[in-house]
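Note: the block below is entry-v1.txt and it holds compact mmCIF, C-alpha atoms.
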```
# COMPACT_ATOMS: atom_id res chain seq x y z
CA MET A 1448 51.91 212.51 149.70
CA LYS A 1449 54.65 210.21 150.96
CA LYS A 1450 58.22 211.44 150.47
CA PHE A 1451 60.60 208.98 148.81
CA ASP A 1452 64.40 208.93 148.88
CA GLY A 1453 64.54 208.89 145.08
CA ILE A 1454 62.93 207.50 141.95
CA TYR A 1455 64.41 204.76 139.79
CA THR A 1456 63.34 202.82 136.72
CA VAL A 1457 64.21 199.13 136.44
CA GLY A 1458 64.01 197.12 133.23
CA ILE A 1459 64.06 193.31 133.26
CA THR A 1460 64.60 191.64 129.88
CA GLY A 1461 64.81 188.10 128.53
CA ALA A 1462 68.44 187.49 129.41
CA SER A 1463 69.12 184.78 131.96
CA GLY A 1464 69.26 186.13 135.51
CA ALA A 1465 65.82 187.64 136.14
CA ILE A 1466 66.49 187.15 139.86
CA TYR A 1467 69.00 190.02 139.69
CA GLY A 1468 66.27 192.43 138.64
CA VAL A 1469 63.77 191.09 141.14
CA ARG A 1470 66.24 191.37 144.03
CA LEU A 1471 67.21 194.90 142.98
CA VAL A 1472 63.60 196.11 142.92
CA GLN A 1473 62.92 194.51 146.29
CA GLU A 1474 65.95 196.25 147.82
CA LEU A 1475 65.01 199.64 146.37
CA LEU A 1476 61.48 199.31 147.72
CA ARG A 1477 62.78 198.18 151.11
CA GLN A 1478 64.91 201.33 151.27
CA ASN A 1479 61.97 203.66 150.50
CA TYR A 1480 62.74 204.41 146.85
CA LYS A 1481 59.98 204.78 144.32
CA VAL A 1482 60.34 202.23 141.51
CA HIS A 1483 59.00 202.08 137.97
CA LEU A 1484 59.31 198.55 136.55
CA ILE A 1485 59.23 197.39 132.93
CA VAL A 1486 59.44 193.69 132.01
CA THR A 1487 59.81 192.60 128.39
CA GLU A 1488 57.84 189.70 126.91
CA ALA A 1489 60.98 187.55 126.96
CA GLY A 1490 61.54 188.68 130.54
CA TRP A 1491 58.19 187.19 131.49
CA GLN A 1492 59.27 183.93 129.89
CA VAL A 1493 62.38 183.91 132.07
CA PHE A 1494 60.20 184.53 135.13
CA ARG A 1495 58.36 181.33 134.22
CA GLU A 1496 61.42 179.21 133.35
CA GLU A 1497 63.99 180.36 135.92
CA LEU A 1498 61.85 181.54 138.82
CA GLU A 1499 59.22 178.83 138.25
CA LEU A 1500 56.37 181.31 138.50
CA ASP A 1501 52.93 180.91 136.98
CA THR A 1502 52.86 183.97 134.73
CA SER A 1503 49.33 183.46 133.40
CA ASN A 1504 48.24 186.26 135.78
CA ARG A 1505 50.96 188.89 135.58
CA ASN A 1506 49.40 191.25 138.08
CA LYS A 1507 49.35 188.45 140.64
CA VAL A 1508 53.06 187.79 140.01
CA ILE A 1509 53.88 191.48 140.45
CA ASN A 1510 51.97 191.63 143.72
CA HIS A 1511 53.61 188.42 144.91
CA LEU A 1512 57.15 189.60 144.18
CA PHE A 1513 56.88 193.25 145.15
CA LYS A 1514 53.80 193.59 147.39
CA GLU A 1515 52.56 196.29 145.05
CA ASN A 1516 51.92 199.72 146.53
CA ASP A 1517 50.37 202.20 144.11
CA GLU A 1518 52.26 205.12 145.60
CA GLN A 1519 55.73 203.57 145.76
CA PHE A 1520 55.68 201.07 142.89
CA SER A 1521 54.46 201.25 139.30
CA TYR A 1522 54.51 198.50 136.69
CA HIS A 1523 54.35 199.56 133.04
CA THR A 1524 53.73 197.51 129.93
CA LEU A 1525 56.11 197.84 126.98
CA GLN A 1526 53.72 199.93 124.91
CA ASP A 1527 52.65 202.33 127.67
CA PHE A 1528 54.21 205.45 126.14
CA THR A 1529 51.97 207.64 128.33
CA ALA A 1530 53.98 206.54 131.40
CA PRO A 1531 55.75 209.47 133.10
CA ILE A 1532 59.15 207.82 132.62
CA ALA A 1533 58.79 208.25 128.85
CA SER A 1534 59.33 212.00 129.26
CA GLY A 1535 62.50 213.87 130.12
CA SER A 1536 60.47 216.29 132.22
CA TYR A 1537 59.79 213.53 134.76
CA GLN A 1538 62.33 213.62 137.60
CA ASN A 1539 63.81 210.13 137.29
CA ASN A 1540 67.04 209.66 139.26
CA GLY A 1541 68.31 206.86 137.05
CA MET A 1542 67.57 203.64 135.22
CA ILE A 1543 69.06 200.17 135.31
CA VAL A 1544 68.38 197.32 132.88
CA ILE A 1545 69.13 194.13 134.82
CA PRO A 1546 69.62 191.70 133.25
CA CYS A 1547 69.94 193.18 129.78
CA SER A 1548 69.60 191.00 126.69
CA MET A 1549 71.72 191.66 123.63
CA GLY A 1550 68.55 192.52 121.68
CA THR A 1551 67.51 195.21 124.14
CA MET A 1552 71.05 196.52 124.34
CA SER A 1553 71.11 196.83 120.55
CA GLY A 1554 67.86 198.82 120.62
CA ILE A 1555 69.26 201.17 123.26
CA ALA A 1556 72.60 201.56 121.46
CA HIS A 1557 70.84 202.53 118.22
CA GLY A 1558 68.19 204.78 119.80
CA SER A 1559 65.31 202.82 118.30
CA SER A 1560 62.86 203.60 121.15
CA LYS A 1561 60.45 200.97 119.82
CA ASN A 1562 59.08 200.26 123.30
CA LEU A 1563 58.86 201.96 126.70
CA LEU A 1564 62.05 200.35 128.01
CA GLU A 1565 64.14 201.58 125.08
CA ARG A 1566 62.43 204.99 125.13
CA THR A 1567 63.13 205.46 128.85
CA ALA A 1568 66.78 204.48 128.34
CA ASP A 1569 66.97 207.04 125.53
CA VAL A 1570 65.53 209.66 127.89
CA MET A 1571 68.20 208.87 130.48
CA LEU A 1572 70.95 209.38 127.90
CA LYS A 1573 69.55 212.56 126.40
CA GLU A 1574 68.99 214.09 129.84
CA GLY A 1575 72.43 213.06 131.11
CA ARG A 1576 71.02 210.86 133.86
CA PRO A 1577 72.47 207.54 135.07
CA LEU A 1578 71.81 204.56 132.81
CA ILE A 1579 73.26 201.23 133.98
CA ILE A 1580 73.24 198.23 131.67
CA VAL A 1581 73.83 194.80 133.22
CA PRO A 1582 74.45 192.44 130.28
CA ARG A 1583 74.15 188.71 130.87
CA GLU A 1584 75.57 186.88 127.87
CA THR A 1585 78.62 184.77 127.06
CA PRO A 1586 80.59 184.65 124.89
CA LEU A 1587 80.33 188.11 123.38
CA ASN A 1588 80.67 188.76 119.67
CA GLN A 1589 81.88 191.95 118.01
CA ILE A 1590 78.35 193.32 117.58
CA HIS A 1591 77.70 192.95 121.32
CA LEU A 1592 80.98 194.67 122.19
CA GLU A 1593 80.40 197.51 119.74
CA ASN A 1594 76.93 198.12 121.16
CA MET A 1595 78.37 198.26 124.68
CA LEU A 1596 80.94 200.77 123.46
CA LYS A 1597 78.25 202.91 121.80
CA ILE A 1598 76.28 203.10 125.05
CA SER A 1599 79.41 203.81 127.07
CA LYS A 1600 80.46 206.63 124.74
CA VAL A 1601 77.15 208.48 125.22
CA GLY A 1602 77.14 208.23 129.00
CA GLY A 1603 75.77 204.81 129.91
CA LYS A 1604 77.63 202.42 132.19
CA ILE A 1605 78.18 198.76 131.38
CA LEU A 1606 78.15 196.56 134.49
CA PRO A 1607 78.40 192.87 133.50
CA ALA A 1608 76.82 190.32 135.82
CA MET A 1609 80.13 188.98 137.14
CA PRO A 1610 80.05 187.97 140.83
CA ALA A 1611 83.27 188.13 142.84
CA TYR A 1612 84.63 185.36 145.02
CA TYR A 1613 86.90 187.23 147.44
CA GLN A 1614 83.92 187.46 149.80
CA MET A 1615 83.89 183.64 150.00
CA PRO A 1616 80.25 183.17 148.94
CA LYS A 1617 78.41 180.41 150.77
CA SER A 1618 75.22 180.35 148.73
CA MET A 1619 73.56 181.37 145.48
CA ASP A 1620 72.10 184.32 147.36
CA ASP A 1621 75.60 185.58 148.10
CA LEU A 1622 76.44 185.59 144.39
CA ILE A 1623 73.16 187.31 143.48
CA ASN A 1624 73.56 189.92 146.20
CA PHE A 1625 77.06 190.81 145.02
CA VAL A 1626 75.87 191.67 141.50
CA VAL A 1627 72.83 193.52 142.82
CA GLY A 1628 75.01 195.38 145.31
CA LYS A 1629 77.41 196.50 142.58
CA ALA A 1630 74.41 197.71 140.58
CA LEU A 1631 73.18 199.70 143.56
CA ASP A 1632 76.66 201.16 144.00
CA SER A 1633 76.48 202.44 140.43
CA LEU A 1634 73.15 204.12 141.19
CA GLY A 1635 74.61 205.71 144.33
CA VAL A 1636 72.32 203.71 146.60
CA GLY A 1637 73.79 202.45 149.87
CA HIS A 1638 73.34 198.84 150.93
CA GLU A 1639 74.76 195.99 153.01
CA LEU A 1640 74.30 193.17 150.51
CA PHE A 1641 77.93 192.04 150.53
CA THR A 1642 81.17 192.51 152.44
CA ARG A 1643 83.47 194.97 150.67
CA TRP A 1644 87.12 194.30 149.99
CA GLY A 1645 89.11 195.45 153.01
CA ASP A 1646 86.15 195.01 155.36
CA GLN A 1647 86.60 191.27 155.82
CA LYS A 1648 87.08 190.17 159.41
```

Show me the file's structure as structure tokens.
Amino acid sequence: MKKFDGIYTVGITGASGAIYGVRLVQELLRQNYKVHLIVTEAGWQVFREELELDTSNRNKVINHLFKENDEQFSYHTLQDFTAPIASGSYQNNGMIVIPCSMGTMSGIAHGSSKNLLERTADVMLKEGRPLIIVPRETPLNQIHLENMLKISKVGGKILPAMPAYYQMPKSMDDLINFVVGKALDSLGVGHELFTRWGDQK
């Protein structure tokens, strides 16, 4: 059996910015991490609208984006509660929801566990493992802010999708890579996706 550097779960929801989640999964796979991926129904709609992908064959999309390898990569549907990531006994190094819609964040904040994504996030919190939420919404109302605070109080980390400009981005990729890089930082995963402050030439 192949040895991986760690195991992470990635959730992609219907918030704008699906490319963040796609780029994150691709980077984790490139670095020899095992990845469990969950995409919500609204997330698939964003794949179609923002990434201009034909989502009529979802397995084909998954293979196209991630060059699916059964040993290193697993895709789970929302109602697959038999997935290993639904249990706290499974050794999952952390989870990131990127981007995270306000609806999914509400479900996580209130422990509803009505689908596999919310259940896995609940497992991360109850087991004291890293849970990173990357919200992509503006402006934020009081309900959104209170849900972020709830998650933060029980051990989750809120990492808004806010690219920085001190690195003098030259392209959309630079902006995407900054957010993805900050997400990887929060998971403790090394990368070279952007130039850090103080490292500029």

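Checking A:Ser1618, A:Thr1567, A:Ser1553, A:Asn1540 one by one against Met1595 of chain A, counting all atoms listed in the file, you find the shortest gap at A:Ser1553.
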
### Task
Work out how far atom CA of Asp1452 of chain A is from atom CA of Arg1576 of chain A, in Å to one decimal.
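Taking atom CA of Arg1576 of chain A and atom CA of Asp1452 of chain A, their separation equals 16.5 Å.
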
### Task
Find the residues near His1483 of chain A: any atom within 10 Å, counting all atoms listed in the file, skip ones fewer than 4 places away on the same chain, and give them as a ChimeraX atom specification.
/A:1454-1458,1472,1519-1523,1530-1532,1539,1542

### Task
Please work out which residues fall within 12 Å of (64.7, 201.1, 149.1), coordinates as given in the file, with only C-alpha atoms counting, and return them as a PyMOL selection string.
chain A and resi 1451-1455+1470-1482+1513+1519-1520+1631+1634-1639

Listed atoms of segment 1472-1475 of chain A, axis-aligned box, 4 Å per side: centre and edge lengths to one decimal in Å, as AutoDock Vina command-line options?
```
--center_x 64.4 --center_y 197.1 --center_z 145.4 --size_x 11.0 --size_y 13.1 --size_z 12.9
```

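The closest residue to Trp1491 of chain A, picked from A:Gly1468, A:Thr1551, A:Gly1461, A:Ile1509 and counting only C-alpha atoms, is A:Gly1461.
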
### Message
Distance cut-off 9 Å, centre (71.5, 191.6, 136.4) in file coordinates, counting all atoms listed in the file: which residues qualify? Return them as a ChimeraX atom specification.
### Response
/A:1459,1462-1468,1471,1543-1547,1580-1583,1606-1608,1623,1626-1627,1630
